[in-house]
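Data block for my_file.cif (mmCIF, C-alpha atoms):
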data_work
#
loop_
_atom_site.label_atom_id
_atom_site.label_comp_id
_atom_site.auth_asym_id
_atom_site.auth_seq_id
_atom_site.Cartn_x
_atom_site.Cartn_y
_atom_site.Cartn_z
CA MET J 1 75.15 148.88 86.85
CA ASP J 2 71.81 148.82 88.67
CA LYS J 3 70.33 146.65 85.92
CA ILE J 4 73.09 144.04 86.27
CA THR J 5 72.90 143.89 90.07
CA GLU J 6 69.12 143.33 90.02
CA ASP J 7 69.63 139.69 89.05
CA LYS J 8 72.15 138.12 91.42
CA GLU J 9 73.01 135.23 89.03
CA VAL J 10 73.72 137.62 86.12
CA TRP J 11 75.75 139.88 88.39
CA ILE J 12 77.90 136.97 89.63
CA GLU J 13 78.47 135.73 86.08
CA VAL J 14 79.48 139.21 84.86
CA MET J 15 81.82 139.69 87.83
CA MET J 16 83.47 136.31 87.28
CA ARG J 17 83.85 136.75 83.55
CA GLU J 18 84.70 140.45 83.17
CA GLU J 19 86.05 141.70 86.49
CA LEU J 20 87.84 138.63 87.85
CA GLU J 21 88.55 137.06 84.45
CA MET J 22 87.25 133.73 85.73
CA ILE J 23 84.91 131.41 83.93
CA PRO J 24 82.52 128.93 85.50
CA ASP J 25 83.79 125.37 85.77
CA THR J 26 81.81 123.19 83.36
CA LYS J 27 83.85 119.98 83.64
CA SER J 28 82.50 116.94 85.44
CA ALA J 29 83.87 116.33 88.93
CA LEU J 30 83.98 112.61 88.12
CA ALA J 31 86.05 113.25 84.98
CA LYS J 32 88.48 115.48 86.89
CA ALA J 33 88.78 112.83 89.62
CA GLY J 34 89.48 110.17 87.00
CA VAL J 35 92.21 112.25 85.36
CA THR J 36 93.77 112.97 88.75
CA PHE J 37 93.74 109.28 89.67
CA LEU J 38 95.24 108.26 86.33
CA SER J 39 97.94 110.92 86.69
CA PHE J 40 98.87 109.65 90.16
CA VAL J 41 99.07 106.08 88.89
CA VAL J 42 101.17 106.93 85.83
CA VAL J 43 103.56 109.36 87.52
CA GLY J 44 103.65 107.26 90.69
CA PHE J 45 104.86 104.30 88.63
CA VAL J 46 107.90 106.25 87.36
CA PRO J 47 110.16 105.58 90.39
CA LEU J 48 109.02 101.96 90.54
CA SER J 49 109.53 101.30 86.83
CA VAL J 50 113.29 100.82 87.22
CA TYR J 51 112.76 98.17 89.89
CA VAL J 52 110.10 96.41 87.82
CA TRP J 53 112.44 96.41 84.82
CA ASP J 54 115.26 95.08 87.01
CA PHE J 55 112.97 92.32 88.30
CA THR J 56 112.13 91.16 84.79
CA SER J 57 115.57 91.73 83.27
CA PRO J 58 118.37 92.44 85.79
CA LEU J 59 120.22 95.74 85.33
CA SER J 60 123.78 96.48 86.36
CA VAL J 61 123.22 100.09 87.45
CA ASN J 62 122.49 101.87 90.71
CA LEU J 63 118.70 101.46 90.71
CA PHE J 64 118.17 104.12 93.39
CA LEU J 65 120.01 106.80 91.38
CA VAL J 66 118.27 105.90 88.11
CA SER J 67 114.90 105.90 89.88
CA GLY J 68 115.67 109.30 91.43
CA GLY J 69 116.73 110.72 88.08
CA LEU J 70 113.61 109.50 86.30
CA THR J 71 111.42 110.81 89.11
CA SER J 72 113.14 114.20 88.87
CA LEU J 73 112.41 114.28 85.14
CA ALA J 74 108.78 113.44 85.88
CA PHE J 75 108.58 116.35 88.33
CA VAL J 76 110.13 118.67 85.75
CA GLY J 77 107.42 117.58 83.30
CA ILE J 78 104.69 118.14 85.88
CA GLY J 79 106.07 121.60 86.68
CA TRP J 80 106.18 122.50 83.00
CA LEU J 81 102.58 121.35 82.48
CA LYS J 82 101.54 123.24 85.62
CA SER J 83 103.05 126.43 84.20
CA LEU J 84 101.02 125.99 81.02
CA VAL J 85 97.76 125.44 82.87
CA LEU J 86 98.25 128.23 85.41
CA GLN J 87 100.01 130.54 82.93
CA THR J 88 102.90 131.22 85.32
CA SER J 89 106.66 131.39 84.92
CA ARG J 90 107.89 128.11 83.45
CA TRP J 91 111.14 128.03 85.45
CA GLN J 92 109.48 129.01 88.71
CA SER J 93 106.84 126.32 88.32
CA ILE J 94 109.42 123.66 87.42
CA LEU J 95 111.68 124.54 90.35
CA GLU J 96 108.77 124.72 92.78
CA THR J 97 107.46 121.31 91.72
CA LEU J 98 110.93 119.75 91.73
CA LEU J 99 111.72 121.10 95.21
CA LEU J 100 108.37 120.02 96.65
CA GLY J 101 108.84 116.56 95.14
CA ALA J 102 112.36 116.32 96.55
CA LEU J 103 111.17 117.37 100.02
CA ALA J 104 108.34 114.84 99.90
CA ALA J 105 110.78 112.12 98.82
CA LEU J 106 113.22 112.98 101.62
CA LEU J 107 110.41 112.96 104.17
CA ALA J 108 109.14 109.59 102.90
CA TYR J 109 112.67 108.17 102.94
CA GLY J 110 113.20 109.43 106.49
CA VAL J 111 109.90 108.00 107.74
CA GLY J 112 110.69 104.68 106.07
CA SER J 113 114.11 104.61 107.68
CA VAL J 114 112.65 105.29 111.14
CA LEU J 115 109.96 102.65 110.69
CA GLU J 116 112.54 100.12 109.53
CA SER J 117 114.67 100.74 112.59
CA TRP J 118 111.63 100.32 114.86
CA LEU J 119 110.59 97.08 113.16
CA ARG J 120 114.09 95.61 113.34
CA ALA J 121 114.47 96.42 117.04
#
Could you render the structure as structure tokens?
Amino acid sequence: MDKITEDKEVWIEVMMREELEMIPDTKSALAKAGVTFLSFVVVGFVPLSVYVWDFTSPLSVNLFLVSGGLTSLAFVGIGWLKSLVLQTSRWQSILETLLLGALAALLAYGVGSVLESWLRA
């Protein structure tokens, strides 16, 4: 143990790898930022896709409900992927992501409703 702790860098690497079961992050911050941005763009387009489709070719369905359903499916997919990456319970991760997404959507809807009422006044 004394030999390992002599060199601080070696000691930190051993602790991360063997004791904490962590590995150093070797991925580029720019690459991770790019993937995050692309993910936000792709998943953020899901609720809008129904309205874009309706604009190009009118649909005879409740666009809000279809958009909400597709967005819920997107959140289920994100939760499932999150469970794979973090190696956690699949159902817990899916429910957590779905509930957080629903709360964020309700908050955004509420803020939009308040702003609309202020602008119309």
Legend entry - Gap from atom CA of Val66 of chain J to atom CA of Tyr51 of chain J - Å, one decimal: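 One can read the atom CA of Val66 of chain J to atom CA of Tyr51 of chain J distance as 9.7 Å.
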Inset, instruction - Mind giving me the straight-line distance from atom CA of Val35 of chain J to atom CA of Ile78 of chain J in Å, one decimal? - result: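 Here the two named atoms are 13.8 Å from each other.
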Inset, instruction - Identify which of the residues J:Val76, J:Val14, J:Leu30, J:Ala105 lies closest to Arg90 of chain J, counting all atoms listed in the file when measuring atom-to-atom distances. - result: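 Between J:Val76, J:Val14, J:Leu30, J:Ala105, the residue approaching Arg90 of chain J most closely is J:Val76.
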Centre and edge lengths of an axis-aligned box around all listed atoms of segment 26-42 of chain J, with 4 Å added on each side, are to be given in Å to one decimal, as JSON.
{"center_x": 91.5, "center_y": 114.6, "center_z": 86.8, "size_x": 27.4, "size_y": 25.1, "size_z": 14.8}
Inset, instruction - Please provide as a ChimeraX atom specification all residues within 12 Å of Phe64 of chain J, with the sequence filter that same-chain residues fewer than 5 positions apart are discarded (counting only C-alpha atoms). - result: /J:47-51,54,59,69-71,109
Inset, instruction - Go through J:Val52, J:Gly77, J:Gly110, J:Leu103 and flag the residue nearest Trp91 of chain J, using only C-alpha atoms for the distances. - result: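 The answer is J:Gly77, which sits nearest to Trp91 of chain J.
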Legend entry - Proximity to Ala104 of chain J - best of J:Phe75, J:Ala29, J:Glu9, J:Thr88, all atoms listed in the file: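 Nearest to Ala104 of chain J: J:Phe75.
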